Amino acid sequence: MSLNLTINGERRSVQQGNLFELLKALGMDPAKIAVERNLEIVPRSQYAKVHLREDDRLEIVHFIGGGNTASPQDKPFVVAGHAFASRLIIGTGKYKSYAENAAALEASGAEMVTVAVRRVNLTDPDQPKLVDFIDPKRYIYLPNTAGCFTAEDAIRTLRLAREAGGWSLVKLEVLGDRKTLYPDMIETLRATELLIREGFQVMVYCSDDPLMAKRLEELGAAAIMPLAAPIGSGLGVQNPVNIRMIVEEANVPVIVDAGVGTASDAAVAMELGCDGVLMNTAIAEAKDPVMMARAMKHAVEAGRLAYLAGRMPKKRYADPSSPLAGLI
């Protein structure tokens, strides 16, 4: 004998029997659902004792979710043949001491540090040296041309760096003026071309101009390093549209360089799809550089994961998280 019931808003004809038998016939696991009969909750222990009657109204519910459980696959961070586990690069300037710098480096998890090339202090040759605190055998030193305003000065500096430590992977920056420390892209392009001819692998600090970035790549730059904001400003990513354009067009690593102020800035840069972030002042001038270095480590990792996961689209109006389909 059959009964006519309303189940989850739909009229159905079912075989006479108890609630437990109905659930089994519907292919449902009684342990994973809840049942309401005629507006009253039926305890799970009573399913086999509740006999169905004509015109009973049943609501059968369960928990639902959504989303893609597949883990996105990241590509390795490789610069000029060097593979890095960390996508964070930090500097070695403005710290209170080399010991503080070394502690911040350890906390950051970075594997590469930028180093400046300066004259030896002839009056005090025994003063502390960076290599006594940050082992160049453990970390990759990245000589840079901070403070250079011409291609000639930058090339001369990096030739000395290669002679001093044998480094061919270098960071080039040729500045345009002392107020903004904005890159002089004409001199930067010229220096890049000449350094590559001499066998250097050049990571290039540049403006956030997608056309200039593409030109640097065409010259053979090992990495493109657009500024987020003026050096040491801490203003964060000021032109995310251009940074994203550079990332989309580049076939070499894109590393945001300069202007990061705090962890959220680093995360934003990584969410745009950048391969890495280079910073110095944001850590060195924090009230607690070691703690900030640790924060930056997590921010870079979180930003990269968010980029890989793919953010939700922005919408003008509300969109409920729980689907309306199946609403009681």
# chains A, B, ... in the order shown; residues from 1 in each chain; ligands from 1
$ select_by_dssp --residues "range 199-322 of chain A" --states "alpha helix (DSSP H)" --output "MDAnalysis selection string"
chainID A and resid 210:219 240:249 263:271 281:284 289:309
$ residues_around --residues "Tyr47 in chain A" --least-positions-apart "6" --cutoff "12 Å" --atoms "only C-alpha atoms" --output "ChimeraX atom specification"
/A:17-24,29-31,33-37,41
$ select_by_dssp --residues "range 179-307 of chain A" --states "strand (DSSP E)" --output "MDAnalysis selection string"
chainID A and resid 201:206 223:226 255:257 276:279
$ closest_residue --among "A:Val260, A:Val78, A:Val202, A:Leu219" --to "Met279 in chain A" --atoms "only C-alpha atoms"
A:Val260
$ residues_around --residues "range 89-105 of chain A" --least-positions-apart "3" --cutoff "6 Å" --atoms "only C-alpha atoms" --output "compact mmCIF listing (two decimals) with N, CA and C atoms, in the first residue's frame"
# COMPACT_ATOMS: atom_id res chain seq x y z
N SER A 108 63.15 36.03 8.95
CA SER A 108 62.44 36.24 7.69
C SER A 108 62.39 34.98 6.82
N ALA A 110 64.42 34.42 4.55
CA ALA A 110 64.99 34.78 3.24
C ALA A 110 66.32 34.06 3.02
N MET A 112 68.33 35.23 0.29
CA MET A 112 69.14 36.18 -0.46
C MET A 112 69.09 37.54 0.23
N VAL A 113 70.25 38.20 0.30
CA VAL A 113 70.31 39.54 0.90
C VAL A 113 71.04 40.47 -0.05
N THR A 114 70.55 41.71 -0.14
CA THR A 114 71.25 42.71 -0.94
C THR A 114 72.37 43.30 -0.10
N ILE A 134 76.62 37.50 8.69
CA ILE A 134 75.79 36.85 7.67
C ILE A 134 76.73 36.09 6.73
N LEU A 278 61.19 42.35 -2.46
CA LEU A 278 62.45 42.77 -1.84
C LEU A 278 62.16 43.97 -0.96
N MET A 279 62.69 43.96 0.26
CA MET A 279 62.46 45.08 1.17
C MET A 279 63.65 45.25 2.10
N ASN A 280 63.80 46.46 2.60
CA ASN A 280 64.83 46.73 3.59
C ASN A 280 64.28 47.59 4.73
N ALA A 284 63.97 47.01 8.77
CA ALA A 284 65.05 47.64 9.54
C ALA A 284 64.55 48.77 10.42
N VAL A 290 62.99 42.16 14.16
CA VAL A 290 62.93 40.70 14.08
C VAL A 290 61.47 40.23 13.98
N ALA A 293 60.22 41.06 10.54
CA ALA A 293 60.75 40.12 9.56
C ALA A 293 59.94 38.84 9.54
$ residues_around --residues "range 139-146 of chain A" --least-positions-apart "3" --cutoff "10 Å" --atoms "only C-alpha atoms" --output "PyMOL selection string"
chain A and resi 82+89-91+105+110-118+131+134-136+149+151+153-158+160-162+165+167-175+181+202-205
$ residues_around --residues "range 234-251 of chain A" --least-positions-apart "5" --cutoff "7 Å" --atoms "only C-alpha atoms" --output "number ranges by chain"
A: 208-210, 213-214, 228-229, 259-261, 265, 269, 272-274, 282
$ atom_distance --atom1 "CA of Ile60 in chain A" --atom2 "CA of Ser2 in chain A"
19.7 Å
$ closest_atom_pairs --of "range 172-284 of chain A" --to "range 298-309 of chain A" --cutoff "8 Å" --atoms "only C-alpha atoms" --output "CSV"
residue,atom,partner,partner_atom,distance
A:Ala263,CA,A:Ala299,CA,5.4
A:Ser264,CA,A:Ala299,CA,6.7
A:Ala266,CA,A:Val300,CA,5.8
A:Ala267,CA,A:Gly303,CA,4.2
A:Val268,CA,A:Gly303,CA,6.5
A:Ala269,CA,A:Gly303,CA,7.4
A:Met270,CA,A:Gly303,CA,4.7
A:Glu271,CA,A:Tyr307,CA,4.5
A:Leu272,CA,A:Tyr307,CA,6.7
A:Gly273,CA,A:Tyr307,CA,6.0
A:Gly276,CA,A:Val300,CA,7.6
A:Val277,CA,A:Val300,CA,7.5
$ write_last_selection --atoms "C-alpha atoms" --output "CSV table (one decimal), in the first residue's frame"
chain,number,residue,atom,x,y,z
A,263,ALA,CA,53.0,43.0,6.0
A,264,SER,CA,49.8,43.8,4.2
A,266,ALA,CA,53.8,42.5,0.9
A,267,ALA,CA,50.7,40.4,0.7
A,268,VAL,CA,49.2,42.8,-1.8
A,269,ALA,CA,52.3,42.6,-4.0
A,270,MET,CA,52.1,38.8,-3.9
A,271,GLU,CA,48.4,38.7,-4.6
A,272,LEU,CA,49.1,40.6,-7.8
A,273,GLY,CA,51.1,37.6,-9.0
A,276,GLY,CA,58.8,37.8,-4.9
A,277,VAL,CA,59.3,40.9,-2.8
$ residues_around --residues "Asp257 in chain A" --least-positions-apart "5" --cutoff "6 Å" --atoms "only C-alpha atoms" --output "list of chain:residue names"
A:Met225, A:Pro226, A:Leu227, A:Leu278
$ closest_residue --among "A:Leu52, A:Ile255, A:Val61, A:Met296" --to "Asn8 in chain A" --atoms "only C-alpha atoms"
A:Val61
$ atom_distance --atom1 "CA of Asp74 in chain A" --atom2 "CA of Glu217 in chain A"
22.2 Å
$ residues_around --residues "Ser13 in chain A" --least-positions-apart "4" --cutoff "7 Å" --atoms "only C-alpha atoms" --output "PyMOL selection string"
chain A and resi 2-5
